[in-house]
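Read through the structure below, which is laid out as structure tokens, and then see the notes.
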Amino acid sequence: MKKATSGISAFAALAIVLVGCTAIEPAPAATPTPSGSTTVELIMNGPAVTGTGPTAPYPGIDFPLQEGMRSVTIDIECAGGGLFHAELGDSMALGQAPLRGTCDGTTSLVWPITEATGPTFTIWVPDGVEWTATPHFSTAEFVRDEKITAECEAFGNVYSALWNADAGYTTYQAFDETEWKTRVEAAAVELESLVKASDTGMADSFAEVLAAMQGEKSAPGAWLSETNLLDPITDTCNRNHSQMILRAEFGG
């Protein structure tokens with residue numbers, strides 16, 4: 001999402017007059033496009049929503065979206081150190097994943113807004129935890145980082161191979177230990193290539209997973225319940241709205 005800089009266009013000034021309810025802030029600098037035209041990002045600050053403890057299950061609470069806005073940054077403030085998970089609209093229907101953070105201050109999370117995005121908000125926090133969600137709507141489209149998107153897809157293939165190896169051998173007895181070892185070794189080779197090629201913030205996490213595959217997580221079944229090593233990767237993928245996909249061979 002583009003950050004506001006300085007200055008105001010005639011269009012932005014007109015928009016402020018027409019909206020007249022919540023504040024709109026123009027992006028300070030016009031952005032040139034390949035065609036030579038310029039675009040101006042407008043930011044509309046919506047009203048804060050507050051609560052204590054988790055919202056009701058889906059669809060959550062009303063969270064009006066502003067017409068003409070293409071993305072929203074929601075500042076989620078809570079304390080206590082526990083995890084929270086937040087969802088705008090119906091993540092499953094949108095092909096997205098809920099986003100998460102830690103209740104240790106304010107966390108800013110960004111969602112795209114499309115025609116399919118519903119005007120609801122759901123948050124899961126521990127019981128008794130007070131929270132505030134403040135939206136900042138933008139006319140700028142949410143743009144995925146394509147490098148992160150590509151690496152999330154590549155790691156999804158690795159994790160799927162690990163999960164299928166473990167599930168196929170331990171849970172479904174679909175093959176023997178020799179086949180399990182062959183599958184895990186192939187996944188390790190693929191992950192080693194990803195570690196060497198990665199130029200995103202996930203490189204260190206990929207390396208930690210590889211080390212675990214070759215060490216404490218080398219026993220059959222270890223990857224069926226592992227989350228700690230995967231959390232930094234899934235968080236990065238989810239916040240980029242290019243979530244990692246598990247392609248299961250068994251159980252479905």
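By convention in this document, the chains of the structure tokens carry letters A, B, ... by their order, each chain's residues are numbered from 1, and ligands are numbered from 1 in the order they are shown.
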
* Write out as a PyMOL selection string the residues lying within 10 Å of range 215-227 of chain A, counting only C-alpha atoms and excluding same-chain residues fewer than 6 positions away. => chain A and resi 159-160+162-171+177+180-181+184+209+234

If DSSP is run on the backbone, what residues of range 4-248 of chain A are helix (DSSP H, G or I)? A reply as a PyMOL selection string would be ideal. chain A and resi 10-19+91-94+146-171+177-197+203-213+222-224+231-239

Quick one: pull the distance between CA of Asp235 in chain A and CA of Gly201 in chain A, Å, one decimal.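 CA of Asp235 in chain A sits 11.4 Å away from CA of Gly201 in chain A.
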
I need the strand (DSSP E) residues of range 31-245 of chain A per DSSP on the backbone, written as JSON, numbers by chain. {"A": [31, 32, 38, 39, 42, 43, 44, 45, 49, 50, 51, 52, 61, 62, 71, 72, 73, 74, 75, 76, 77, 78, 83, 84, 85, 86, 87, 88, 99, 100, 101, 102, 105, 106, 107, 108, 109, 110, 111, 112, 120, 121, 122, 123, 124, 130, 131, 132, 133, 134, 135, 136, 137, 138]}

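Nearest residue to His241 in chain A, choosing from A:Gly82, A:Pro98, A:Gly105, A:Gly156 and counting only C-alpha atoms: A:Pro98.
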
**Asked** Quick one: residues within 10 Å of Cys103 in chain A, only C-alpha atoms counted, chain neighbours fewer than 6 positions away excluded, as a list in words?
**Response**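 Those residues are Ile76, Glu77, Cys78, Ala79, Gly80, Gly81, Gly82, Leu83, Phe84, Val125, Pro126, Val129, Glu130 and Trp131 of chain A.
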
For this session: For Glu141 in chain A, list every protein, DNA or RNA residue within 10 Å, evaluated using only C-alpha atoms, and leave out those in the same chain fewer than 2 positions away; present the list as a PyMOL selection string.
Result: chain A and resi 1-2+41+69-72+111-114+138-139+143-144

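Using only C-alpha atoms, the contacts of Ile233 in chain A at a cut-off of 9 Å, with sequence neighbours closer than 4 positions omitted, comprise Cys152, Phe155, Met202, Ser205, Phe206, Leu229, Cys237, Asn238 and Met244 of chain A.
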
* Pick out the closest residue to Ala188 in chain A from this set: A:Ala174, A:Gly60, A:Glu208, A:Val158. Count only C-alpha atoms. =>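 Smallest distance to Ala188 in chain A is found for A:Val158.
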
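CA of His85 in chain A lies 12.8 Å from CA of Tyr58 in chain A.
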
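Shortest atom-to-atom contact with Ala56 in chain A among A:Ile123, A:Ala161, A:Ala197, A:Ala133: A:Ile123, counting only C-alpha atoms.
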
Env of Thr55 in chain A: 7 Å cut, atoms = only C-alpha atoms, seq-sep filter 2 positions within chain, self excluded. Answer as a VMD selection string.
chain A and resid 53 57 60 to 61 122 to 124

Write out, as an mmCIF file, in the first residue's frame, the residues just selected, with N, CA and C atoms.
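The result, stored in out.cif:
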```cif
data_model
loop_
_atom_site.group_PDB
_atom_site.id
_atom_site.type_symbol
_atom_site.label_atom_id
_atom_site.label_comp_id
_atom_site.auth_asym_id
_atom_site.auth_seq_id
_atom_site.Cartn_x
_atom_site.Cartn_y
_atom_site.Cartn_z
ATOM 1 N N GLY A 53 -12.931 -9.490 24.620
ATOM 2 C CA GLY A 53 -13.024 -10.899 24.300
ATOM 3 C C GLY A 53 -13.353 -11.105 22.832
ATOM 4 N N PRO A 57 -19.111 -15.800 16.688
ATOM 5 C CA PRO A 57 -18.612 -16.543 15.519
ATOM 6 C C PRO A 57 -19.123 -15.924 14.226
ATOM 7 N N GLY A 60 -19.489 -12.545 12.611
ATOM 8 C CA GLY A 60 -18.835 -11.522 13.414
ATOM 9 C C GLY A 60 -19.722 -10.318 13.639
ATOM 10 N N ILE A 61 -19.130 -9.122 13.547
ATOM 11 C CA ILE A 61 -19.857 -7.886 13.816
ATOM 12 C C ILE A 61 -19.880 -7.016 12.564
ATOM 13 N N THR A 122 -14.372 -10.099 12.265
ATOM 14 C CA THR A 122 -14.331 -11.109 13.316
ATOM 15 C C THR A 122 -12.950 -11.090 13.951
ATOM 16 N N ILE A 123 -12.912 -11.119 15.272
ATOM 17 C CA ILE A 123 -11.616 -11.181 15.960
ATOM 18 C C ILE A 123 -11.707 -12.207 17.083
ATOM 19 N N TRP A 124 -10.653 -13.011 17.178
ATOM 20 C CA TRP A 124 -10.522 -13.974 18.269
ATOM 21 C C TRP A 124 -9.390 -13.507 19.174
#
```

In terms of only C-alpha atoms, the residue from A:Ser198, A:Thr149, A:Gln66, A:Asn157 at minimal distance from Pro47 in chain A is A:Gln66

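For the pair CA of Ser108 in chain A and CA of Ile43 in chain A, the interatomic distance is 14.9 Å.
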